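Asks: Structure file work-v5.txt (compact mmCIF, C-alpha atoms) right here:
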# COMPACT_ATOMS: atom_id res chain seq x y z
CA MET A 1 -30.72 5.48 4.16
CA LYS A 2 -28.78 2.56 5.62
CA PRO A 3 -27.76 -0.73 4.02
CA ALA A 4 -30.01 -3.73 4.59
CA PRO A 5 -28.32 -6.29 6.88
CA PHE A 6 -25.77 -8.65 5.34
CA ASP A 7 -23.24 -11.22 6.51
CA LEU A 8 -19.70 -9.98 6.14
CA LEU A 9 -16.44 -11.70 5.30
CA ILE A 10 -13.31 -9.65 5.83
CA ALA A 11 -11.04 -11.62 3.53
CA ASP A 12 -7.43 -12.16 4.57
CA SER A 13 -6.49 -13.88 1.32
CA LEU A 14 -7.68 -14.03 -2.28
CA GLU A 15 -8.38 -17.75 -1.83
CA GLU A 16 -10.74 -16.96 1.05
CA ALA A 17 -12.62 -14.37 -1.03
CA LEU A 18 -12.92 -16.75 -4.01
CA ALA A 19 -14.10 -19.59 -1.76
CA CYS A 20 -16.85 -17.33 -0.42
CA LEU A 21 -17.92 -16.34 -3.95
CA HIS A 22 -17.86 -20.03 -4.92
CA GLU A 23 -20.14 -20.88 -2.00
CA HIS A 24 -22.60 -17.99 -2.21
CA GLY A 25 -22.58 -17.13 -5.94
CA GLU A 26 -24.98 -14.36 -6.91
CA ASP A 27 -25.91 -13.64 -3.28
CA ALA A 28 -22.39 -12.39 -2.56
CA ARG A 29 -20.76 -9.13 -3.64
CA ILE A 30 -17.16 -8.03 -3.46
CA ILE A 31 -16.56 -4.67 -1.82
CA ALA A 32 -13.25 -2.85 -2.19
CA GLY A 33 -13.36 0.97 -2.03
CA GLY A 34 -17.16 0.83 -2.16
CA GLN A 35 -17.55 4.28 -3.71
CA SER A 36 -20.32 3.04 -6.00
CA LEU A 37 -21.47 -0.08 -4.14
CA MET A 38 -21.86 1.62 -0.74
CA ALA A 39 -24.13 4.25 -2.30
CA MET A 40 -26.18 1.47 -3.91
CA LEU A 41 -26.34 -0.41 -0.59
CA ASN A 42 -27.39 2.74 1.27
CA MET A 43 -30.13 3.38 -1.28
CA ARG A 44 -31.02 -0.33 -1.21
CA LEU A 45 -30.54 -0.65 -4.92
CA ALA A 46 -28.22 -3.53 -4.06
CA HIS A 47 -29.00 -6.07 -1.34
CA PRO A 48 -26.46 -8.88 -1.26
CA SER A 49 -26.81 -11.38 1.57
CA VAL A 50 -23.02 -11.67 1.87
CA LEU A 51 -20.48 -8.89 1.44
CA VAL A 52 -16.83 -9.81 0.89
CA ASP A 53 -14.46 -7.04 1.93
CA VAL A 54 -11.17 -7.30 0.02
CA THR A 55 -9.56 -4.07 1.20
CA ARG A 56 -7.08 -5.99 3.39
CA LEU A 57 -5.62 -7.81 0.36
CA ARG A 58 -2.60 -5.54 0.08
CA ASP A 59 -0.82 -7.85 -2.37
CA LEU A 60 -3.55 -6.89 -4.86
CA SER A 61 -2.58 -3.23 -4.49
CA TYR A 62 0.02 -2.65 -7.20
CA ILE A 63 0.82 -0.74 -10.38
CA ARG A 64 3.10 -2.73 -12.69
CA CYS A 65 4.38 -2.42 -16.24
CA LYS A 66 4.56 -5.75 -18.04
CA GLY A 67 5.57 -5.61 -21.69
CA ASP A 68 3.01 -3.46 -23.51
CA TRP A 69 0.68 -3.39 -20.49
CA LEU A 70 0.11 -1.35 -17.41
CA GLU A 71 -1.46 -3.70 -14.87
CA VAL A 72 -3.41 -2.33 -11.92
CA GLY A 73 -4.39 -4.63 -9.05
CA ALA A 74 -7.86 -5.01 -7.55
CA THR A 75 -7.28 -2.94 -4.43
CA THR A 76 -5.29 -0.10 -6.02
CA THR A 77 -7.18 3.13 -5.50
CA GLN A 78 -7.86 5.72 -8.18
CA ALA A 79 -5.82 8.21 -6.12
CA GLU A 80 -2.83 5.83 -6.05
CA LEU A 81 -2.92 5.45 -9.85
CA LEU A 82 -3.30 9.20 -10.32
CA ALA A 83 -0.25 9.75 -8.08
CA TRP A 84 1.90 7.23 -10.00
CA PRO A 85 4.87 9.33 -11.17
CA GLU A 86 5.01 7.73 -14.64
CA LEU A 87 1.30 8.11 -15.42
CA ALA A 88 1.58 11.19 -17.64
CA THR A 89 4.32 9.70 -19.82
CA ARG A 90 3.30 6.04 -19.89
CA ALA A 91 -0.51 6.30 -19.80
CA PRO A 92 -1.42 9.85 -20.85
CA LEU A 93 -5.10 9.09 -21.47
CA LEU A 94 -5.52 7.90 -17.87
CA ALA A 95 -3.65 10.97 -16.66
CA GLN A 96 -6.21 13.14 -18.46
CA ALA A 97 -9.32 11.14 -17.52
CA LEU A 98 -8.69 10.19 -13.86
CA PRO A 99 -9.09 13.73 -12.44
CA TYR A 100 -12.72 13.57 -13.70
CA VAL A 101 -13.48 10.41 -11.66
CA GLY A 102 -15.64 11.65 -8.77
CA HIS A 103 -13.86 13.93 -6.30
CA PHE A 104 -10.51 13.54 -4.55
CA GLN A 105 -12.31 12.27 -1.46
CA THR A 106 -13.94 9.42 -3.41
CA ARG A 107 -10.75 8.71 -5.40
CA ASN A 108 -8.98 8.20 -2.04
CA ARG A 109 -11.06 5.05 -1.50
CA GLY A 110 -12.50 4.13 -4.89
CA THR A 111 -10.55 1.48 -6.80
CA VAL A 112 -9.73 1.31 -10.50
CA CYS A 113 -11.08 -2.24 -10.81
CA GLY A 114 -14.17 -1.42 -8.75
CA SER A 115 -15.13 1.27 -11.21
CA LEU A 116 -14.79 -1.25 -14.06
CA CYS A 117 -16.98 -3.76 -12.17
CA HIS A 118 -19.67 -1.14 -11.48
CA ALA A 119 -19.78 -0.52 -15.26
CA ASP A 120 -21.60 2.78 -15.24
CA PRO A 121 -22.03 3.92 -18.87
CA SER A 122 -20.74 7.41 -18.03
CA SER A 123 -17.67 6.32 -16.03
CA GLU A 124 -14.26 7.47 -17.17
CA ILE A 125 -12.17 4.39 -16.28
CA PRO A 126 -14.24 1.94 -18.37
CA LEU A 127 -14.07 4.46 -21.23
CA ALA A 128 -10.29 4.69 -20.95
CA LEU A 129 -9.97 0.90 -20.80
CA ALA A 130 -12.16 0.45 -23.90
CA THR A 131 -10.40 3.20 -25.87
CA LEU A 132 -6.95 1.78 -25.08
CA GLY A 133 -8.06 -1.75 -25.97
CA GLY A 134 -7.49 -2.98 -22.43
CA GLU A 135 -8.24 -6.22 -20.64
CA VAL A 136 -9.73 -7.37 -17.36
CA VAL A 137 -8.31 -10.33 -15.43
CA LEU A 138 -10.87 -12.44 -13.54
CA LYS A 139 -10.23 -15.27 -11.11
CA SER A 140 -12.42 -17.93 -9.58
CA ARG A 141 -11.69 -21.22 -7.87
CA LYS A 142 -11.92 -22.82 -11.30
CA GLY A 143 -9.19 -20.67 -12.80
CA LYS A 144 -8.39 -17.44 -14.57
CA ARG A 145 -10.01 -15.66 -17.50
CA VAL A 146 -8.83 -12.59 -19.38
CA LEU A 147 -11.51 -10.58 -21.18
CA ALA A 148 -11.08 -7.66 -23.56
CA ALA A 149 -12.78 -4.47 -22.35
CA GLN A 150 -15.57 -4.74 -24.93
CA ASP A 151 -16.29 -8.35 -23.95
CA PHE A 152 -16.24 -7.52 -20.23
CA GLN A 153 -18.64 -4.59 -20.10
CA THR A 154 -21.75 -5.88 -21.80
CA GLY A 155 -24.27 -3.14 -21.01
CA MET A 156 -25.56 -0.64 -18.48
CA LEU A 157 -24.13 -1.66 -15.06
CA THR A 158 -23.63 -5.12 -16.52
CA THR A 159 -20.48 -7.15 -17.06
CA ALA A 160 -19.58 -10.67 -18.18
CA ARG A 161 -18.20 -11.46 -14.73
CA ARG A 162 -19.57 -14.78 -13.52
CA PRO A 163 -21.03 -14.88 -9.99
CA ASP A 164 -18.06 -16.89 -8.66
CA GLU A 165 -15.45 -14.61 -10.24
CA MET A 166 -13.58 -11.62 -8.90
CA VAL A 167 -11.80 -9.03 -11.04
CA VAL A 168 -8.20 -9.19 -9.79
CA ALA A 169 -6.55 -6.76 -12.20
CA ALA A 170 -7.09 -4.40 -15.12
CA ARG A 171 -4.59 -4.02 -17.96
CA PHE A 172 -4.30 -0.78 -19.90
CA ARG A 173 -2.14 -0.60 -23.02
CA LEU A 174 0.95 1.50 -22.39
CA GLN A 175 1.82 4.56 -24.44
CA GLU A 176 3.07 3.79 -27.94
CA ASP A 177 5.56 6.02 -29.70
CA LEU A 178 3.93 9.04 -31.32
CA ALA A 179 0.48 8.24 -29.95
CA ARG A 180 -1.62 11.29 -29.01
CA PHE A 181 -4.64 11.49 -26.74
CA GLY A 182 -7.38 13.92 -25.91
CA PHE A 183 -10.15 13.83 -23.33
CA ARG A 184 -13.17 16.07 -22.70
CA GLU A 185 -16.17 15.76 -20.46
CA VAL A 186 -19.44 17.63 -20.16
CA ALA A 187 -21.02 17.53 -16.68
CA ARG A 188 -23.08 19.90 -14.56
CA ARG A 189 -20.33 20.13 -11.97
CA HIS A 190 -16.76 18.83 -11.93
CA GLY A 191 -16.84 15.27 -10.61
CA ASP A 192 -20.51 14.68 -11.38
CA PHE A 193 -21.64 11.89 -13.64
CA ALA A 194 -20.65 12.72 -17.20
CA ILE A 195 -23.42 13.78 -19.56
CA VAL A 196 -20.97 12.99 -22.35
CA SER A 197 -17.31 12.03 -22.05
CA ILE A 198 -15.08 11.60 -25.08
CA ALA A 199 -11.58 10.20 -25.48
CA ALA A 200 -9.59 10.53 -28.72
CA MET A 201 -6.57 8.45 -29.67
CA LYS A 202 -4.22 8.74 -32.64
CA THR A 203 -1.54 6.10 -33.09
CA ALA A 204 0.59 5.05 -36.06
CA LYS A 205 -2.18 2.62 -37.04
CA THR A 206 -5.45 4.19 -35.98
CA LEU A 207 -7.46 7.32 -35.27
CA CYS A 208 -10.42 6.69 -32.99
CA LEU A 209 -12.94 8.16 -30.58
CA GLY A 210 -14.33 6.52 -27.45
CA VAL A 211 -17.61 7.90 -26.11
CA GLY A 212 -19.15 7.41 -22.67
CA GLY A 213 -22.46 8.60 -21.26
CA VAL A 214 -24.47 8.24 -24.47
CA ALA A 215 -24.87 4.53 -25.30
CA GLU A 216 -25.31 1.81 -22.66
CA ARG A 217 -21.56 1.26 -22.54
CA PRO A 218 -18.41 2.99 -23.79
CA THR A 219 -18.32 2.78 -27.57
CA ILE A 220 -15.27 3.04 -29.83
CA GLN A 221 -15.29 4.18 -33.46
CA THR A 222 -12.30 4.41 -35.78
CA PHE A 223 -12.03 7.15 -38.39
CA ASP A 224 -10.02 6.81 -41.61
CA ALA A 225 -8.13 9.76 -43.00
CA GLN A 226 -10.82 11.52 -44.98
CA SER A 227 -12.07 14.87 -46.26
CA ALA A 228 -13.77 17.39 -43.96
CA GLU A 229 -17.23 16.52 -45.38
CA ASP A 230 -16.65 12.79 -44.99
CA LEU A 231 -15.49 13.29 -41.40
CA GLU A 232 -18.63 15.25 -40.54
CA ALA A 233 -20.80 12.57 -42.09
CA ALA A 234 -18.92 9.86 -40.21
CA LEU A 235 -19.30 11.72 -36.89
CA ASN A 236 -23.00 12.23 -37.56
CA ALA A 237 -23.47 8.53 -38.31
CA PHE A 238 -21.55 7.66 -35.12
CA ALA A 239 -23.72 10.01 -33.04
CA TRP A 240 -26.91 8.39 -34.38
CA GLN A 241 -25.48 4.92 -33.83
CA LEU A 242 -24.84 5.79 -30.16
CA GLY A 243 -28.45 6.94 -29.79
CA GLY A 244 -28.58 8.13 -26.19
CA SER A 245 -31.62 8.84 -24.10
CA ASP A 246 -33.31 11.84 -22.50
CA ASP A 247 -32.89 12.27 -18.77
CA ILE A 248 -32.95 15.02 -16.15
CA HIS A 249 -29.44 16.17 -17.14
CA ALA A 250 -29.70 16.40 -20.93
CA SER A 251 -31.66 15.27 -23.96
CA ALA A 252 -30.49 12.56 -26.33
CA ARG A 253 -30.30 15.20 -29.03
CA TYR A 254 -27.92 17.33 -26.91
CA ARG A 255 -25.74 14.30 -26.26
CA ARG A 256 -25.51 13.50 -29.99
CA GLU A 257 -24.61 17.12 -30.75
CA MET A 258 -21.81 16.98 -28.16
CA VAL A 259 -20.48 13.84 -29.86
CA ARG A 260 -20.40 15.67 -33.21
CA ARG A 261 -18.82 18.88 -31.91
CA LEU A 262 -16.46 17.67 -29.18
CA GLY A 263 -15.62 14.64 -31.31
CA HIS A 264 -14.62 16.91 -34.18
CA THR A 265 -12.53 19.16 -31.92
CA LEU A 266 -10.74 16.23 -30.34
CA LEU A 267 -10.05 14.44 -33.63
CA GLN A 268 -8.50 17.63 -34.98
CA GLU A 269 -6.45 18.16 -31.83
CA VAL A 270 -4.90 14.72 -31.80
CA SER A 271 -4.34 14.73 -35.58
CA ASN A 272 -2.63 18.14 -35.54
CA ALA A 273 -0.56 17.30 -32.48
CA ALA A 274 0.58 14.07 -34.13
CA ALA A 275 1.60 15.87 -37.31
CA SER A 276 3.69 18.51 -35.57
CA MET B 277 -13.56 -18.67 7.50
CA PRO B 278 -14.82 -16.04 9.94
CA LEU B 279 -18.10 -14.89 8.46
CA HIS B 280 -19.61 -12.16 10.62
CA PRO B 281 -23.35 -12.85 10.78
CA LYS B 282 -25.76 -10.00 10.07
CA ASN B 283 -27.15 -8.08 13.03
CA ARG B 284 -24.47 -9.40 15.35
CA PRO B 285 -22.19 -6.53 16.44
CA VAL B 286 -18.46 -6.92 15.97
CA ALA B 287 -15.92 -5.13 18.20
CA VAL B 288 -14.25 -2.27 16.31
CA GLU B 289 -11.16 -0.52 17.64
CA LEU B 290 -9.69 2.56 16.03
CA GLN B 291 -7.67 5.69 16.80
CA LEU B 292 -10.06 8.64 16.96
CA ASN B 293 -8.17 11.92 16.86
CA GLY B 294 -5.14 10.22 18.32
CA LYS B 295 -6.91 8.32 21.11
CA PRO B 296 -7.78 4.63 21.05
CA GLN B 297 -11.56 4.09 21.00
CA ARG B 298 -13.63 0.98 20.95
CA GLY B 299 -17.21 0.22 20.07
CA ALA B 300 -19.47 -2.39 18.54
CA ALA B 301 -20.83 -2.32 15.00
CA ALA B 302 -23.08 -4.65 13.07
CA PRO B 303 -21.56 -5.53 9.65
CA ASN B 304 -23.86 -3.04 7.87
CA MET B 305 -23.15 -0.09 10.22
CA LEU B 306 -21.71 2.93 8.43
CA LEU B 307 -18.57 4.59 9.79
CA SER B 308 -20.55 7.85 10.06
CA ASP B 309 -23.14 6.22 12.33
CA PHE B 310 -20.43 4.43 14.32
CA LEU B 311 -18.67 7.73 15.04
CA ARG B 312 -21.88 9.46 16.06
CA GLN B 313 -23.86 6.74 17.81
CA GLU B 314 -21.20 4.44 19.26
CA LEU B 315 -18.37 6.87 19.98
CA GLY B 316 -20.50 9.98 20.60
CA ALA B 317 -18.47 12.04 18.13
CA THR B 318 -21.43 13.93 16.71
CA GLY B 319 -19.35 16.64 15.00
CA THR B 320 -19.38 14.54 11.83
CA HIS B 321 -22.65 15.34 10.09
CA VAL B 322 -24.73 13.00 7.97
CA GLY B 323 -26.33 14.60 4.93
CA CYS B 324 -27.23 12.61 1.84
CA GLU B 325 -25.83 9.21 2.88
CA HIS B 326 -24.86 8.33 -0.67
CA GLY B 327 -21.59 10.12 -1.16
CA ILE B 328 -22.76 13.26 -2.91
CA CYS B 329 -22.88 16.04 -0.30
CA GLY B 330 -19.54 15.56 1.52
CA ALA B 331 -20.91 16.62 4.93
CA CYS B 332 -19.67 13.39 6.56
CA THR B 333 -16.08 13.71 5.29
CA VAL B 334 -13.47 12.48 7.79
CA ARG B 335 -9.81 11.54 7.44
CA LEU B 336 -9.03 7.83 7.35
CA ASP B 337 -5.30 7.21 7.76
CA GLY B 338 -4.88 10.85 6.82
CA ARG B 339 -6.91 10.79 3.58
CA ALA B 340 -10.24 12.61 3.30
CA VAL B 341 -13.05 10.11 2.66
CA ARG B 342 -16.84 9.94 2.91
CA SER B 343 -17.65 8.22 6.19
CA CYS B 344 -21.11 7.29 4.83
CA LEU B 345 -19.44 5.24 2.08
CA CYS B 346 -17.30 3.28 4.50
CA LEU B 347 -18.35 0.48 6.82
CA ALA B 348 -17.40 0.86 10.47
CA VAL B 349 -15.68 -2.54 10.39
CA GLN B 350 -13.46 -1.33 7.52
CA ALA B 351 -11.99 1.29 9.88
CA GLU B 352 -10.78 -1.37 12.32
CA GLY B 353 -7.24 -0.59 13.45
CA ARG B 354 -7.05 2.61 11.44
CA ARG B 355 -6.59 6.30 12.25
CA VAL B 356 -9.76 8.38 12.00
CA GLU B 357 -9.67 12.15 12.32
CA THR B 358 -12.82 14.22 12.66
CA ILE B 359 -13.77 17.83 13.24
CA GLU B 360 -13.39 17.23 16.99
CA GLY B 361 -9.63 16.96 16.45
CA LEU B 362 -9.14 20.27 14.64
CA ALA B 363 -9.09 22.64 17.62
CA GLU B 364 -5.90 23.53 19.48
CA ALA B 365 -5.08 21.74 22.74
CA ASP B 366 -6.47 24.66 24.78
CA GLY B 367 -9.81 24.48 22.95
CA SER B 368 -9.26 27.56 20.79
CA PHE B 369 -9.90 27.39 17.05
CA GLY B 370 -7.38 25.70 14.81
CA ILE B 371 -6.19 27.58 11.71
CA LEU B 372 -8.91 26.14 9.43
CA GLN B 373 -11.70 26.83 11.91
CA ASP B 374 -10.43 30.35 12.53
CA ALA B 375 -10.30 31.04 8.79
CA PHE B 376 -13.95 29.97 8.32
CA HIS B 377 -14.98 32.06 11.33
CA ARG B 378 -13.06 35.14 10.20
CA HIS B 379 -14.36 34.99 6.60
CA PHE B 380 -18.02 34.18 7.40
CA ALA B 381 -17.60 30.91 5.49
CA LEU B 382 -20.59 29.28 7.13
CA GLN B 383 -24.20 30.08 7.93
CA CYS B 384 -26.10 27.07 9.24
CA GLY B 385 -22.84 25.16 9.68
CA PHE B 386 -24.16 21.74 8.72
CA CYS B 387 -21.70 21.23 5.86
CA THR B 388 -18.73 22.84 7.66
CA PRO B 389 -17.15 19.74 9.27
CA GLY B 390 -16.97 18.14 5.83
CA PHE B 391 -15.40 21.20 4.23
CA LEU B 392 -12.82 21.48 7.00
CA MET B 393 -11.82 17.81 6.92
CA SER B 394 -11.57 17.90 3.11
CA LEU B 395 -9.36 20.99 3.31
CA ALA B 396 -7.22 19.55 6.11
CA ASP B 397 -6.20 16.70 3.78
CA TYR B 398 -6.09 18.71 0.55
CA LEU B 399 -3.90 21.54 1.88
CA GLU B 400 -1.34 19.05 3.19
CA GLY B 401 -0.91 17.70 -0.33
CA ASN B 402 -1.14 21.07 -2.08
CA PRO B 403 -0.15 23.83 0.37
CA ASP B 404 -0.21 26.64 -2.20
CA PRO B 405 -3.26 26.06 -4.42
CA THR B 406 -4.61 28.51 -6.96
CA GLU B 407 -8.22 29.62 -6.53
CA GLU B 408 -9.17 27.41 -9.48
CA GLU B 409 -7.53 24.36 -7.92
CA LEU B 410 -9.30 25.06 -4.63
CA ARG B 411 -12.66 25.38 -6.32
CA GLU B 412 -12.11 22.02 -7.98
CA ALA B 413 -10.99 20.45 -4.68
CA LEU B 414 -14.06 21.85 -2.90
CA SER B 415 -16.45 20.68 -5.63
CA GLY B 416 -16.98 17.47 -3.66
CA ASN B 417 -18.63 19.33 -0.78
CA ILE B 418 -22.03 20.96 -1.06
CA CYS B 419 -23.03 24.09 0.87
CA ARG B 420 -26.61 25.31 0.49
CA CYS B 421 -26.14 28.61 2.39
CA THR B 422 -23.03 30.55 1.46
CA GLY B 423 -22.71 30.45 -2.31
CA TYR B 424 -19.09 29.31 -1.80
CA ALA B 425 -17.36 32.68 -2.33
CA GLU B 426 -16.56 33.09 1.38
CA ILE B 427 -15.54 29.44 1.67
CA VAL B 428 -12.99 29.88 -1.11
CA LYS B 429 -11.68 33.06 0.53
CA ALA B 430 -11.41 31.31 3.89
CA ALA B 431 -9.60 28.37 2.28
CA LEU B 432 -7.07 30.63 0.55
CA TYR B 433 -6.52 32.47 3.83
CA ALA B 434 -6.11 29.20 5.75
CA ALA B 435 -3.66 27.89 3.13
CA ALA B 436 -1.54 31.04 3.48
CA ARG B 437 -1.53 30.83 7.27
CA LEU B 438 -0.66 27.14 7.22
CA ARG B 439 2.28 28.03 4.95
CA GLY B 440 3.22 30.75 7.38
CA ASP B 441 2.71 33.74 5.05
CA ALA B 442 -0.57 35.29 6.21
CA ASP B 443 0.43 38.63 4.73
CA SER B 444 0.47 37.43 1.11
CA SER B 445 -1.91 39.44 -1.07
CA ARG B 446 -3.94 36.39 -2.12
CA ALA B 447 -4.84 35.71 1.49
CA LYS B 448 -6.56 38.99 2.19
Spell out the structure here as C-alpha cells.
Replies:
Amino acid sequence: MKPAPFDLLIADSLEEALACLHEHGEDARIIAGGQSLMAMLNMRLAHPSVLVDVTRLRDLSYIRCKGDWLEVGATTTQAELLAWPELATRAPLLAQALPYVGHFQTRNRGTVCGSLCHADPSSEIPLALATLGGEVVLKSRKGKRVLAAQDFQTGMLTTARRPDEMVVAARFRLQEDLARFGFREVARRHGDFAIVSIAAMKTAKTLCLGVGGVAERPTIQTFDAQSAEDLEAALNAFAWQLGGSDDIHASARYRREMVRRLGHTLLQEVSNAAAS
Amino acid sequence: MPLHPKNRPVAVELQLNGKPQRGAAAPNMLLSDFLRQELGATGTHVGCEHGICGACTVRLDGRAVRSCLCLAVQAEGRRVETIEGLAEADGSFGILQDAFHRHFALQCGFCTPGFLMSLADYLEGNPDPTEEELREALSGNICRCTGYAEIVKAALYAAARLRGDADSSRAK
C-alpha cells in the first residue's frame, strides 16, 4: 500500500523541525531513516498530517564519547554505529546486538534514535539502552529533557516523548573495566522480529539480564550471587513476571521457557568469563 | 518555512545510474514508485511495500536500501543505482547478472533485481565472504522460487569473479 497524503517539511535546521512540532503537535511526526515509520505509513497504521524529514540535519549525525557515555546523534544510522571502529571495545553489548537489527539494507537507513522512538518491545537497540542504563535526550522549543531508558519507553510502541519534542541523541554507558556481556536472540529468520532477545551484563557491582520480546517493553532484572537452585527459582520468577503473550510466532509459555534457559546460559557465560 | 503541501508534486532531481534525471513527486510518493512511474525505470520491482521482501532494493549513494521505505523527495540530489545500471556498456550481462544466469539463480525473476542490488553493495564491502556470511547478507531478500541454494552459489561465484579469481574452488 501507499502512505496517505501528508504535508512535508524537509528541515534544514533543528530549530525549524522543533518549530514545526511546536505548531502541529500530535499531528506531526519526525521521519529520519523511516525503516519502521515508512512501513507503518505504507500500511496506514500511522497517518500524520505533517511529516518532518530530519535526514538533512548532518550535524545530528555523530558518535561521541563524553565521560562515561557514548552519545549517538539523531541522524546517525545503525550501519554507521556498527562500523564505528571502537564499538567492540567501548560498547561490546551494542557490537553484539546491532547485527540483529533488521538486515544490512535497513541498517543503512535506519537510525539508532529512530529505533528507540519506535519502541517496539522486541527491538534490540531499546533493549541495549535499557540494559546499559542509558538515557535519551529530547529537545523542544521549551528546552531540553534527559530521560533514563526505563522512563522513556513506557510501553508497547509508546514513549514519554511529548508531541512537541524530538529525540536528538541517545546515550549508552561506555564499557567499564572487567564488565562482560552476552546477547542471544530467537527469531524465525535472522533479522526478523525477535521472539525473545536477551542481554546479560556482569560488572563489578551487578549481574543482570535484560529481556526483549516478552513483556511490553525491555525489562531488566538483577541477580545476586546465589546457589544453583536459588538462581533457577529467580529466573522462573522473572519469566512469570514478564508474562508474554501468544502470537503467530510463539506461545507465551515458549517465550518464558526461553527466558529460563537462555537466561541461565547467558548468566553462566558472563559470570565464568568475568572470573577467568 | 517551506512546507510542501500534500498532493502538490515537488520537483525531484537525482542521478540515476550516473545520468541526471528529473521528475515530480507528491510528498507521499515512494522512491520505488518514482523510479517506475516518473522515470520509467521499471526494473526495480515492488513486492510487499513494507520493507520485508527486498525486491525493491536499490543503491542510494552506494548503499543498498529498500526503495519502498524511502520517499522520492528524500532522494533529491542523491545517486540512485538500479538494476538498469548493472549491465556492461555494450548491453551484455555484468558479472552479477552473468553469475545468476550461469547458476540458474532465478526462476520467475521478480526478486532478482533486489538480490543483485543487495549483492552489488555487500560484495564491495566484503569481497571475500564465507557462505555463512553470504546467507546472512541475503536474508533480507525473499525468493519464493529457487530455495536459495543456487542464489548462494551464484553469489559466491560472482564474488570470486569480482575479486578476479574465478578458478578458486569455492566458486565452482
Asks: Find the residues around range 391-394 of chain B up to 7 Å (all atoms listed in the file counted), leave out those fewer than 2 positions away in its own chain, and share them as a VMD selection string.
Replies: chain B and resid 333 to 335 340 358 to 359 372 387 to 389 396 to 398 417
Asks: One decimal, Å: what's the distance from CA of Glu23 in chain A over to CA of Pro5 in chain A, could you say?
Replies: 18.9 Å
Asks: Mind giving me the straight-line distance from CA of Pro99 in chain A to CA of Phe172 in chain A in Å, one decimal?
Replies: 17.0 Å
Asks: Taking only residues of chain A that have an atom at most 9 Å from an atom of chain B, what is each one's shortest atom pair and its distance in Å to one decimal, using only C-alpha atoms, in chain and number order, as JSON lines?
Replies:
{"residue": "A:Met1", "atom": "CA", "partner": "B:Glu325", "partner_atom": "CA", "distance": 6.3}
{"residue": "A:Lys2", "atom": "CA", "partner": "B:Leu306", "partner_atom": "CA", "distance": 7.6}
{"residue": "A:Pro3", "atom": "CA", "partner": "B:Asn304", "partner_atom": "CA", "distance": 5.9}
{"residue": "A:Ala4", "atom": "CA", "partner": "B:Asn304", "partner_atom": "CA", "distance": 7.0}
{"residue": "A:Pro5", "atom": "CA", "partner": "B:Lys282", "partner_atom": "CA", "distance": 5.5}
{"residue": "A:Phe6", "atom": "CA", "partner": "B:Lys282", "partner_atom": "CA", "distance": 4.9}
{"residue": "A:Asp7", "atom": "CA", "partner": "B:Lys282", "partner_atom": "CA", "distance": 4.5}
{"residue": "A:Leu8", "atom": "CA", "partner": "B:His280", "partner_atom": "CA", "distance": 5.0}
{"residue": "A:Leu9", "atom": "CA", "partner": "B:Leu279", "partner_atom": "CA", "distance": 4.8}
{"residue": "A:Ile10", "atom": "CA", "partner": "B:Leu279", "partner_atom": "CA", "distance": 7.6}
{"residue": "A:Ala11", "atom": "CA", "partner": "B:Met277", "partner_atom": "CA", "distance": 8.5}
{"residue": "A:Glu16", "atom": "CA", "partner": "B:Met277", "partner_atom": "CA", "distance": 7.2}
{"residue": "A:Cys20", "atom": "CA", "partner": "B:Met277", "partner_atom": "CA", "distance": 8.7}
{"residue": "A:Gly33", "atom": "CA", "partner": "B:Cys346", "partner_atom": "CA", "distance": 8.0}
{"residue": "A:Gly34", "atom": "CA", "partner": "B:Leu345", "partner_atom": "CA", "distance": 6.5}
{"residue": "A:Gln35", "atom": "CA", "partner": "B:Leu345", "partner_atom": "CA", "distance": 6.2}
{"residue": "A:Ser36", "atom": "CA", "partner": "B:Leu345", "partner_atom": "CA", "distance": 8.4}
{"residue": "A:Leu37", "atom": "CA", "partner": "B:Leu345", "partner_atom": "CA", "distance": 8.4}
{"residue": "A:Met38", "atom": "CA", "partner": "B:Leu345", "partner_atom": "CA", "distance": 5.2}
{"residue": "A:Ala39", "atom": "CA", "partner": "B:His326", "partner_atom": "CA", "distance": 4.5}
{"residue": "A:Met40", "atom": "CA", "partner": "B:His326", "partner_atom": "CA", "distance": 7.7}
{"residue": "A:Leu41", "atom": "CA", "partner": "B:His326", "partner_atom": "CA", "distance": 8.9}
{"residue": "A:Asn42", "atom": "CA", "partner": "B:His326", "partner_atom": "CA", "distance": 6.4}
{"residue": "A:Met43", "atom": "CA", "partner": "B:His326", "partner_atom": "CA", "distance": 7.3}
{"residue": "A:Ser49", "atom": "CA", "partner": "B:Lys282", "partner_atom": "CA", "distance": 8.7}
{"residue": "A:Val50", "atom": "CA", "partner": "B:Lys282", "partner_atom": "CA", "distance": 8.8}
{"residue": "A:Leu51", "atom": "CA", "partner": "B:Pro303", "partner_atom": "CA", "distance": 8.9}
{"residue": "A:Asp53", "atom": "CA", "partner": "B:Gln350", "partner_atom": "CA", "distance": 8.1}
{"residue": "A:Thr55", "atom": "CA", "partner": "B:Gln350", "partner_atom": "CA", "distance": 7.9}
{"residue": "A:Arg56", "atom": "CA", "partner": "B:Gln350", "partner_atom": "CA", "distance": 8.9}
{"residue": "A:Gly102", "atom": "CA", "partner": "B:Gly416", "partner_atom": "CA", "distance": 7.9}
{"residue": "A:His103", "atom": "CA", "partner": "B:Gly416", "partner_atom": "CA", "distance": 5.4}
{"residue": "A:Phe104", "atom": "CA", "partner": "B:Ala413", "partner_atom": "CA", "distance": 6.9}
{"residue": "A:Gln105", "atom": "CA", "partner": "B:Val341", "partner_atom": "CA", "distance": 4.7}
{"residue": "A:Thr106", "atom": "CA", "partner": "B:Val341", "partner_atom": "CA", "distance": 6.2}
{"residue": "A:Arg107", "atom": "CA", "partner": "B:Val341", "partner_atom": "CA", "distance": 8.5}
{"residue": "A:Asn108", "atom": "CA", "partner": "B:Val341", "partner_atom": "CA", "distance": 6.5}
{"residue": "A:Arg109", "atom": "CA", "partner": "B:Val341", "partner_atom": "CA", "distance": 6.8}
{"residue": "A:Arg189", "atom": "CA", "partner": "B:Ser415", "partner_atom": "CA", "distance": 7.5}
{"residue": "A:His190", "atom": "CA", "partner": "B:Ser415", "partner_atom": "CA", "distance": 6.6}
{"residue": "A:Gly191", "atom": "CA", "partner": "B:Gly416", "partner_atom": "CA", "distance": 7.3}
{"residue": "A:Asp192", "atom": "CA", "partner": "B:Ile328", "partner_atom": "CA", "distance": 8.9}
Asks: Using only C-alpha atoms, can you list as a ChimeraX atom specification the residues within 10 Å of (-17.2, 5.5, -24.3)?
Replies: /A:121-131,196-199,209-221,242
